[in-house]
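Peer 1: My structure is in entry_22.tsv, and what it holds is TSV, C-alpha atoms:
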chain	number	residue	atom	x	y	z
D	1	MET	CA	-133.87	-33.27	283.84
D	2	GLU	CA	-136.03	-36.29	283.10
D	3	ILE	CA	-136.94	-37.70	279.72
D	4	VAL	CA	-140.65	-37.58	280.59
D	5	ASP	CA	-140.43	-33.79	280.94
D	6	PHE	CA	-138.46	-33.60	277.70
D	7	ILE	CA	-141.14	-35.59	275.88
D	8	ALA	CA	-143.94	-33.56	277.48
D	9	ALA	CA	-142.32	-30.35	276.21
D	10	ILE	CA	-142.15	-31.79	272.69
D	11	GLU	CA	-145.76	-32.99	272.78
D	12	GLU	CA	-146.89	-29.58	273.96
D	13	GLU	CA	-144.97	-27.82	271.22
D	14	PHE	CA	-146.49	-29.60	268.25
D	15	ASP	CA	-150.21	-29.01	267.77
D	16	ASP	CA	-150.71	-32.36	266.04
D	17	LEU	CA	-149.25	-34.36	268.94
D	18	ASN	CA	-151.26	-35.56	271.92
D	19	PRO	CA	-149.89	-36.65	275.30
D	20	GLY	CA	-148.62	-40.22	274.94
D	21	ASP	CA	-147.96	-39.97	271.19
D	22	VAL	CA	-144.19	-39.78	271.68
D	23	SER	CA	-141.98	-42.34	273.41
D	24	PRO	CA	-138.20	-42.39	273.96
D	25	ASN	CA	-137.84	-44.75	270.99
D	26	SER	CA	-139.95	-42.66	268.62
D	27	VAL	CA	-138.05	-41.89	265.42
D	28	PHE	CA	-138.68	-38.18	265.12
D	29	ARG	CA	-138.16	-37.97	261.38
D	30	ASP	CA	-141.02	-40.48	260.99
D	31	MET	CA	-143.44	-38.04	262.58
D	32	GLU	CA	-146.37	-37.25	260.30
D	33	GLY	CA	-145.57	-34.30	258.04
D	34	TRP	CA	-141.95	-34.07	259.25
D	35	SER	CA	-140.03	-31.23	257.62
D	36	SER	CA	-136.98	-29.08	258.24
D	37	MET	CA	-139.31	-26.69	260.09
D	38	HIS	CA	-139.84	-29.41	262.70
D	39	ALA	CA	-136.07	-29.77	263.00
D	40	LEU	CA	-135.78	-26.02	263.57
D	41	ILE	CA	-138.47	-26.19	266.24
D	42	PHE	CA	-136.62	-29.01	268.02
D	43	VAL	CA	-133.38	-27.01	268.01
D	44	ALA	CA	-135.12	-23.81	269.13
D	45	LEU	CA	-137.13	-25.60	271.82
D	46	ILE	CA	-134.03	-27.21	273.29
D	47	ASP	CA	-132.17	-23.89	273.09
D	48	SER	CA	-134.88	-21.89	274.82
D	49	LYS	CA	-135.82	-24.53	277.44
D	50	TYR	CA	-132.41	-25.97	278.28
D	51	ASN	CA	-130.03	-23.28	276.95
D	52	VAL	CA	-128.34	-25.90	274.78
D	53	LEU	CA	-127.66	-25.21	271.12
D	54	LEU	CA	-127.50	-28.31	268.91
D	55	ASN	CA	-125.66	-27.89	265.63
D	56	GLY	CA	-126.61	-29.50	262.34
D	57	ASP	CA	-124.19	-32.40	262.73
D	58	GLU	CA	-125.48	-33.21	266.21
D	59	LEU	CA	-129.06	-33.13	265.02
D	60	LYS	CA	-128.19	-35.31	262.07
D	61	SER	CA	-126.62	-37.89	264.39
D	62	CYS	CA	-129.88	-38.31	266.33
D	63	VAL	CA	-132.52	-40.80	265.27
D	64	THR	CA	-134.83	-41.21	268.25
D	65	ILE	CA	-136.21	-38.85	270.84
D	66	LYS	CA	-133.92	-40.56	273.38
D	67	ASP	CA	-130.91	-39.68	271.19
D	68	LEU	CA	-131.99	-36.03	271.30
D	69	PHE	CA	-132.50	-36.21	275.05
D	70	ASP	CA	-129.11	-37.85	275.61
D	71	ILE	CA	-127.16	-35.31	273.57
D	72	THR	CA	-129.00	-32.45	275.27
D	73	LEU	CA	-128.23	-33.92	278.68
D	74	LEU	CA	-124.59	-34.46	277.69
D	75	LYS	CA	-124.27	-30.81	276.70
D	76	ILE	CA	-126.01	-29.58	279.85
D	77	ASN	CA	-123.41	-31.53	281.81
D	78	GLY	CA	-120.54	-29.96	279.95
D	79	GLY	CA	-120.01	-32.42	277.08
D	80	GLY	CA	-120.15	-31.55	273.37
D	81	ALA	CA	-118.84	-28.48	271.62
D	82	ASN	CA	-121.35	-25.71	272.21
D	83	THR	CA	-122.68	-25.89	275.75
Q	1	MET	CA	-114.51	-6.56	229.47
Q	2	ILE	CA	-114.74	-5.54	233.10
Q	3	ASP	CA	-111.62	-3.74	234.22
Q	4	LEU	CA	-110.80	-2.88	237.83
Q	5	LYS	CA	-107.21	-1.79	237.24
Q	6	GLY	CA	-106.09	0.99	239.56
Q	7	LYS	CA	-108.97	0.46	241.97
Q	8	THR	CA	-108.59	-0.44	245.62
Q	9	ILE	CA	-111.44	-2.70	246.74
Q	10	LEU	CA	-112.40	-3.65	250.28
Q	11	VAL	CA	-113.94	-7.11	250.69
Q	12	THR	CA	-115.42	-7.91	254.08
Q	13	GLY	CA	-116.09	-11.53	254.98
Q	14	ALA	CA	-113.37	-12.53	252.56
Q	15	SER	CA	-112.06	-15.65	254.25
Q	16	ALA	CA	-114.45	-18.06	252.50
Q	17	GLY	CA	-117.37	-18.49	250.14
Q	18	ILE	CA	-118.65	-15.48	248.24
Q	19	GLY	CA	-116.16	-13.08	249.87
Q	20	ALA	CA	-113.18	-15.19	248.84
Q	21	ALA	CA	-114.50	-15.47	245.29
Q	22	VAL	CA	-115.06	-11.70	245.09
Q	23	ALA	CA	-111.51	-11.06	246.31
Q	24	GLN	CA	-110.12	-13.50	243.76
Q	25	LEU	CA	-112.03	-12.04	240.82
Q	26	CYS	CA	-111.34	-8.40	241.74
Q	27	SER	CA	-107.66	-9.24	241.96
Q	28	ASP	CA	-107.76	-11.08	238.62
Q	29	LEU	CA	-109.39	-7.98	237.08
Q	30	GLY	CA	-106.56	-5.76	238.26
Q	31	ALA	CA	-107.74	-4.36	241.58
Q	32	LYS	CA	-105.72	-4.18	244.73
Q	33	VAL	CA	-107.91	-5.86	247.33
Q	34	CYS	CA	-108.08	-5.28	251.07
Q	35	ILE	CA	-109.55	-8.38	252.61
Q	36	THR	CA	-111.01	-8.73	256.09
Q	37	GLY	CA	-112.19	-11.61	258.18
Q	38	ARG	CA	-112.01	-12.95	261.71
Q	39	ASN	CA	-109.52	-15.70	260.96
Q	40	MET	CA	-106.07	-14.57	259.81
Q	41	ASP	CA	-105.02	-18.07	258.72
Q	42	ARG	CA	-107.97	-18.33	256.38
Q	43	LEU	CA	-107.37	-14.82	255.04
Q	44	SER	CA	-103.73	-15.72	254.39
Q	45	GLU	CA	-104.84	-18.79	252.48
Q	46	VAL	CA	-107.16	-16.65	250.30
Q	47	SER	CA	-104.42	-14.07	249.71
Q	48	LYS	CA	-101.99	-16.73	248.45
Q	49	HIS	CA	-104.12	-17.22	245.35
Q	50	LEU	CA	-104.66	-13.54	244.50
Q	51	SER	CA	-103.12	-12.13	241.33
Q	52	ILE	CA	-102.03	-8.85	242.92
Q	53	GLU	CA	-100.52	-8.36	246.36
Q	54	SER	CA	-103.33	-7.73	248.82
Q	55	GLU	CA	-103.66	-6.19	252.26
Q	56	LEU	CA	-105.06	-8.39	255.04
Q	57	PHE	CA	-106.97	-7.06	258.03
Q	58	GLN	CA	-108.12	-9.29	260.85
Q	59	ALA	CA	-111.39	-7.84	262.14
Q	60	ASP	CA	-114.48	-9.11	263.89
Q	61	LEU	CA	-117.14	-6.80	262.51
Q	62	THR	CA	-119.47	-7.53	265.41
Q	63	LEU	CA	-117.08	-5.44	267.55
Q	64	GLU	CA	-117.17	-1.67	267.09
Q	65	LYS	CA	-113.55	-1.35	268.17
Q	66	ASP	CA	-112.46	-3.73	265.41
Q	67	ILE	CA	-114.42	-1.65	262.90
Q	68	ASP	CA	-112.71	1.52	264.18
Q	69	ASP	CA	-109.28	-0.08	263.94
Q	70	LEU	CA	-110.00	-1.47	260.49
Q	71	VAL	CA	-111.10	1.87	259.07
Q	72	LYS	CA	-108.08	3.65	260.54
Q	73	ALA	CA	-105.75	1.10	258.97
Q	74	LEU	CA	-107.39	0.98	255.54
Q	75	PRO	CA	-106.14	2.96	252.56
Q	76	CYS	CA	-108.69	5.06	250.65
Q	77	ILE	CA	-110.94	2.74	248.68
Q	78	ASP	CA	-112.76	2.84	245.36
Q	79	GLY	CA	-115.15	0.05	246.18
Q	80	TRP	CA	-116.41	-2.23	248.91
Q	81	VAL	CA	-118.19	-5.57	248.75
Q	82	HIS	CA	-119.82	-6.45	252.06
Q	83	CYS	CA	-120.00	-10.23	252.26
Q	84	ALA	CA	-119.80	-10.66	256.03
Q	85	GLY	CA	-122.91	-12.24	257.45
Q	86	ILE	CA	-124.52	-15.20	259.10
Q	87	ILE	CA	-127.61	-17.29	258.51
Q	88	GLU	CA	-129.25	-18.84	261.56
Q	89	PRO	CA	-132.75	-20.18	261.27
Q	90	PHE	CA	-135.21	-19.53	264.09
Q	91	PRO	CA	-138.94	-20.16	264.31
Q	92	ILE	CA	-140.65	-16.88	265.22
Q	93	LYS	CA	-142.21	-18.09	268.45
Q	94	PHE	CA	-138.77	-18.91	269.88
Q	95	ILE	CA	-137.04	-15.65	269.02
Q	96	GLN	CA	-135.27	-13.97	271.91
Q	97	SER	CA	-133.51	-10.62	271.93
Q	98	LYS	CA	-130.13	-12.40	271.83
Q	99	HIS	CA	-131.07	-13.97	268.49
Q	100	ILE	CA	-132.12	-10.63	267.00
Q	101	LYS	CA	-128.93	-9.05	268.24
Q	102	SER	CA	-126.61	-11.74	266.92
Q	103	MET	CA	-128.25	-11.70	263.48
Q	104	PHE	CA	-128.48	-7.94	263.05
Q	105	THR	CA	-125.07	-7.09	264.56
Q	106	ILE	CA	-123.20	-8.77	261.75
Q	107	ASN	CA	-125.71	-8.70	258.89
Q	108	PHE	CA	-126.85	-5.10	259.32
Q	109	ASP	CA	-125.13	-3.09	262.06
Q	110	SER	CA	-121.67	-3.83	260.70
Q	111	ALA	CA	-122.64	-2.40	257.30
Q	112	CYS	CA	-124.04	0.78	258.88
Q	113	LEU	CA	-121.10	1.36	261.20
Q	114	LEU	CA	-118.48	0.59	258.60
Q	115	THR	CA	-120.13	2.94	256.09
Q	116	SER	CA	-120.38	5.70	258.65
Q	117	LYS	CA	-116.77	5.39	259.80
Q	118	LEU	CA	-115.41	5.11	256.26
Q	119	MET	CA	-117.18	8.38	255.48
Q	120	GLN	CA	-116.09	10.07	258.71
Q	121	LEU	CA	-112.43	9.27	258.07
Q	122	LYS	CA	-112.74	10.17	254.39
Q	123	LYS	CA	-111.57	6.76	253.25
Q	124	ILE	CA	-113.92	6.71	250.26
Q	125	ASN	CA	-112.66	7.98	246.93
Q	126	THR	CA	-114.94	9.95	244.60
Q	127	SER	CA	-117.17	7.70	242.50
Q	128	ALA	CA	-116.64	4.72	244.76
Q	129	SER	CA	-119.06	1.81	244.51
Q	130	PHE	CA	-120.54	-0.15	247.40
Q	131	VAL	CA	-121.99	-3.62	246.93
Q	132	PHE	CA	-123.97	-5.34	249.66
Q	133	ILE	CA	-124.64	-9.06	249.41
Q	134	SER	CA	-128.30	-9.55	250.18
Q	135	SER	CA	-130.68	-12.44	249.74
Q	136	ILE	CA	-133.86	-13.12	247.81
Q	137	SER	CA	-135.37	-13.90	251.21
Q	138	ALA	CA	-135.57	-10.14	251.84
Q	139	GLN	CA	-138.53	-10.18	249.43
Q	140	HIS	CA	-139.38	-13.88	249.42
Q	141	PRO	CA	-139.07	-15.18	253.00
Q	142	TYR	CA	-138.90	-18.81	254.01
Q	143	LYS	CA	-140.08	-20.58	257.14
Q	144	GLY	CA	-137.66	-20.15	260.00
Q	145	GLY	CA	-135.79	-17.37	258.23
Q	146	SER	CA	-137.59	-14.33	259.60
Q	147	LEU	CA	-134.56	-12.73	261.26
Q	148	TYR	CA	-132.22	-13.40	258.35
Q	149	ALA	CA	-134.75	-12.07	255.84
Q	150	ALA	CA	-135.43	-8.99	257.95
Q	151	SER	CA	-131.72	-8.25	258.34
Q	152	LYS	CA	-131.24	-8.44	254.56
Q	153	ALA	CA	-134.31	-6.28	253.90
Q	154	ALA	CA	-132.84	-3.70	256.28
Q	155	LEU	CA	-129.52	-3.92	254.45
Q	156	GLU	CA	-131.19	-3.28	251.08
Q	157	SER	CA	-133.02	-0.30	252.49
Q	158	PHE	CA	-129.81	1.06	254.00
Q	159	SER	CA	-128.05	0.67	250.65
Q	160	ARG	CA	-130.69	2.83	248.97
Q	161	SER	CA	-130.15	5.51	251.61
Q	162	ILE	CA	-126.41	5.48	250.96
Q	163	ALA	CA	-127.12	5.87	247.25
Q	164	LEU	CA	-129.20	8.95	247.98
Q	165	GLU	CA	-127.10	10.53	250.70
Q	166	PHE	CA	-123.73	10.26	248.94
Q	167	SER	CA	-124.78	10.73	245.33
Q	168	SER	CA	-123.26	14.21	245.34
Q	169	LYS	CA	-119.85	12.58	245.81
Q	170	GLY	CA	-120.58	10.18	242.97
Q	171	VAL	CA	-120.68	7.29	245.41
Q	172	ARG	CA	-122.94	4.47	244.26
Q	173	SER	CA	-124.51	1.73	246.34
Q	174	ASN	CA	-126.22	-1.41	245.09
Q	175	CYS	CA	-127.19	-4.84	246.38
Q	176	ILE	CA	-127.00	-8.33	245.00
Q	177	SER	CA	-129.97	-10.40	246.02
Q	178	ALA	CA	-128.73	-13.96	245.82
Q	179	ALA	CA	-130.63	-17.20	246.12
Q	180	LEU	CA	-128.93	-20.41	247.25
Q	181	VAL	CA	-125.18	-20.42	246.67
Q	182	GLU	CA	-122.81	-23.34	247.29
Q	183	THR	CA	-120.91	-22.11	250.33
Q	184	GLU	CA	-119.90	-23.46	253.72
Q	185	MET	CA	-123.03	-21.84	255.11
Q	186	PHE	CA	-125.16	-23.90	252.75
Q	187	GLU	CA	-123.29	-27.08	253.68
Q	188	LYS	CA	-124.15	-26.44	257.34
Q	189	THR	CA	-127.82	-25.77	256.71
Q	190	LYS	CA	-128.10	-28.89	254.55
Q	191	ASN	CA	-127.80	-31.02	257.65
Q	192	ALA	CA	-131.19	-29.92	258.87
Q	193	LEU	CA	-132.85	-30.99	255.63
Q	194	SER	CA	-134.12	-34.41	254.66
Q	195	GLU	CA	-132.89	-35.84	251.36
Q	196	ILE	CA	-136.33	-35.31	249.85
Q	197	GLU	CA	-136.40	-31.68	250.96
Q	198	LEU	CA	-132.91	-31.11	249.61
Q	199	LEU	CA	-133.78	-32.64	246.25
Q	200	GLY	CA	-136.94	-30.52	246.16
Q	201	ILE	CA	-134.92	-27.37	246.73
Q	202	LEU	CA	-132.25	-28.24	244.18
Q	203	SER	CA	-134.80	-29.15	241.53
Q	204	SER	CA	-136.59	-25.82	241.94
Q	205	TYR	CA	-133.63	-23.98	240.37
Q	206	PRO	CA	-133.93	-24.05	236.56
Q	207	LEU	CA	-130.23	-23.20	236.23
Q	208	GLY	CA	-129.15	-25.00	239.40
Q	209	ILE	CA	-127.98	-23.33	242.59
Q	210	GLY	CA	-125.33	-20.63	242.39
Q	211	LYS	CA	-121.60	-20.72	242.82
Q	212	PRO	CA	-119.64	-18.05	244.71
Q	213	MET	CA	-118.05	-16.93	241.44
Q	214	ASP	CA	-121.52	-16.18	239.99
Q	215	VAL	CA	-121.98	-13.57	242.71
Q	216	ALA	CA	-118.41	-12.36	242.26
Q	217	HIS	CA	-119.01	-11.58	238.57
Q	218	ALA	CA	-122.06	-9.47	239.35
Q	219	SER	CA	-120.11	-7.73	242.12
Q	220	ALA	CA	-117.26	-6.92	239.75
Q	221	PHE	CA	-119.71	-5.37	237.31
Q	222	LEU	CA	-121.20	-3.19	240.05
Q	223	LEU	CA	-117.70	-2.14	241.16
Q	224	SER	CA	-116.64	-1.26	237.64
Q	225	ASN	CA	-117.11	1.96	235.69
Q	226	GLN	CA	-119.37	0.02	233.32
Q	227	SER	CA	-122.16	0.29	235.91
Q	228	SER	CA	-121.60	3.99	236.58
Q	229	TRP	CA	-125.28	4.87	236.02
Q	230	MET	CA	-126.55	2.22	238.45
Q	231	THR	CA	-127.23	3.15	242.04
Q	232	GLY	CA	-129.80	2.26	244.68
Q	233	THR	CA	-130.74	-0.91	242.85
Q	234	THR	CA	-130.71	-4.61	243.58
Q	235	ILE	CA	-129.63	-7.27	241.11
Q	236	THR	CA	-131.33	-10.62	241.56
Q	237	LEU	CA	-129.23	-13.75	241.03
Q	238	ASP	CA	-131.46	-16.77	241.46
Q	239	GLY	CA	-130.81	-19.25	238.67
Q	240	GLY	CA	-134.42	-18.76	237.62
Q	241	LEU	CA	-135.85	-19.85	240.98
Q	242	LEU	CA	-138.41	-17.06	241.22
Q	243	LEU	CA	-139.83	-17.93	237.81
Q	244	ASN	CA	-141.55	-20.81	239.55
Q	245	THR	CA	-142.86	-18.80	242.48
Q	246	LYS	CA	-146.59	-19.22	242.87
Q	247	LYS	CA	-148.41	-15.91	242.58
Spell out the structure here as structure tokens.

Peer 2:
Amino acid sequence: MEIVDFIAAIEEEFDDLNPGDVSPNSVFRDMEGWSSMHALIFVALIDSKYNVLLNGDELKSCVTIKDLFDITLLKINGGGANT
Amino acid sequence: MIDLKGKTILVTGASAGIGAAVAQLCSDLGAKVCITGRNMDRLSEVSKHLSIESELFQADLTLEKDIDDLVKALPCIDGWVHCAGIIEPFPIKFIQSKHIKSMFTINFDSACLLTSKLMQLKKINTSASFVFISSISAQHPYKGGSLYAASKAALESFSRSIALEFSSKGVRSNCISAALVETEMFEKTKNALSEIELLGILSSYPLGIGKPMDVAHASAFLLSNQSSWMTGTTITLDGGLLLNTKK
């Protein structure tokens, strides 16, 4: 799993994002029109694509896209509580 | 004054939140309560505070065997408040069959199976009252809540069928359609909200968000003889939220 694929999946998911709009250091809550629905989409996307379920606390602890990627990767590799 | 003396009341999902409050109030009003939940330690903690000695039943209502065992072990009951349930948000385009199953198994299937088995084993006394805890989302959905809202709408519909099918035995069935209540479930979902969103939600309640005991009081009324002419209905508890709903 590479972060470029992770970012590509996110950019494809949101209609208002174009390829290249998101970088590892992008603060996802600063995305235009950010709402809890976007948070739900992140959680559902990661669940359906990587079979990893992030809980509310884990999501809250993430600031950047790289944070999200890292915690997803950690849980894929057996870390975290709900892999 | 609501009086539940002499009644035996089953409370499912009693280990926390609304269920725990319902158990507490029913006990305070004189009922013997049978409380169920998955975690015996948490049930024991709830039972410590009850006014009248209660019966505790560890049961995972997502498992049919646990429902069978629970019904066999229960005494005959005069009322049941079904508080067991989950809330898991999912955007529609990501829904998989596992999500539908997990939501409906506890929020809806458990109510159907428990009702059926209670009737089969004749564990329901004449003129018993069933109360199902529903949600305003059954009629007023929110983004990401399609499965939860659908499961509660199904529950409300099922409650009306109970009211019809068992009216000859004097059994009544009603729902409480609650808006946001301060429970552990709410604490968990808060994490997905920004501060601005949270403030927006809280400010949309003219009377503020609910407390578990608010739902318990309405439940006690529906369990009591004072509501003996009410069946197949749904009481809305929303702190005035829907007054502001745009038409």

Peer 1: Show me, as a list of chain:residue names, the residues of chain Q whose atoms get within 7 Å of chain D, using all atoms listed in the file for the distance check.

Peer 2: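 Every residue meeting the condition is included here: Q:Pro89, Q:Phe90, Q:Pro91, Q:Phe94, Q:Lys143, Q:Gly144, Q:Lys188, Q:Thr189, Q:Asn191, Q:Ala192, Q:Leu193.
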
Peer 1: Grab the residues selected above and save them as a short mmCIF file (atom, residue, chain, number, x, y, z; two decimals), in the frame of the given file with C-alpha atoms.

Peer 2:
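Full text of again.cif as output:
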data_model
loop_
_atom_site.label_atom_id
_atom_site.label_comp_id
_atom_site.auth_asym_id
_atom_site.auth_seq_id
_atom_site.Cartn_x
_atom_site.Cartn_y
_atom_site.Cartn_z
CA PRO Q 89 -132.75 -20.18 261.27
CA PHE Q 90 -135.21 -19.53 264.09
CA PRO Q 91 -138.94 -20.16 264.31
CA PHE Q 94 -138.77 -18.91 269.88
CA LYS Q 143 -140.08 -20.58 257.14
CA GLY Q 144 -137.66 -20.15 260.00
CA LYS Q 188 -124.15 -26.44 257.34
CA THR Q 189 -127.82 -25.77 256.71
CA ASN Q 191 -127.80 -31.02 257.65
CA ALA Q 192 -131.19 -29.92 258.87
CA LEU Q 193 -132.85 -30.99 255.63
#

Peer 1: Rounded to one decimal, what separation in Å do you get between CA of Val81 (chain Q) and CA of Gly19 (chain Q)?

Peer 2: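 These two atoms are separated by 7.9 Å.
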
Peer 1: For Lys32 (chain Q), work out the shell of residues within 7 Å, counting all atoms listed in the file and skipping chain neighbours fewer than 4 positions away, then give it as a PyMOL selection string.

Peer 2: chain Q and resi 7-9+27+52-54

Peer 1: Keeping C-alpha atoms, export the residues of the selection given above as a CSV table (one decimal), in the frame of the given file.

Peer 2:
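Below is the file again.csv, written as the result:
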chain,number,residue,atom,x,y,z
Q,7,LYS,CA,-109.0,0.5,242.0
Q,8,THR,CA,-108.6,-0.4,245.6
Q,9,ILE,CA,-111.4,-2.7,246.7
Q,27,SER,CA,-107.7,-9.2,242.0
Q,52,ILE,CA,-102.0,-8.8,242.9
Q,53,GLU,CA,-100.5,-8.4,246.4
Q,54,SER,CA,-103.3,-7.7,248.8

Peer 1: Contacts of Ile46 (chain D) at 9 Å or less, counting only C-alpha atoms, minus same-chain residues fewer than 6 places along, as a PyMOL selection string?

Peer 2: chain D and resi 6+52-54+72

Peer 1: Within 8 Å of (-124.7, -11.5, 257.1), all atoms listed in the file: residues as a PyMOL selection string?

Peer 2: chain Q and resi 83-87+103-104+106-108+148+151-152
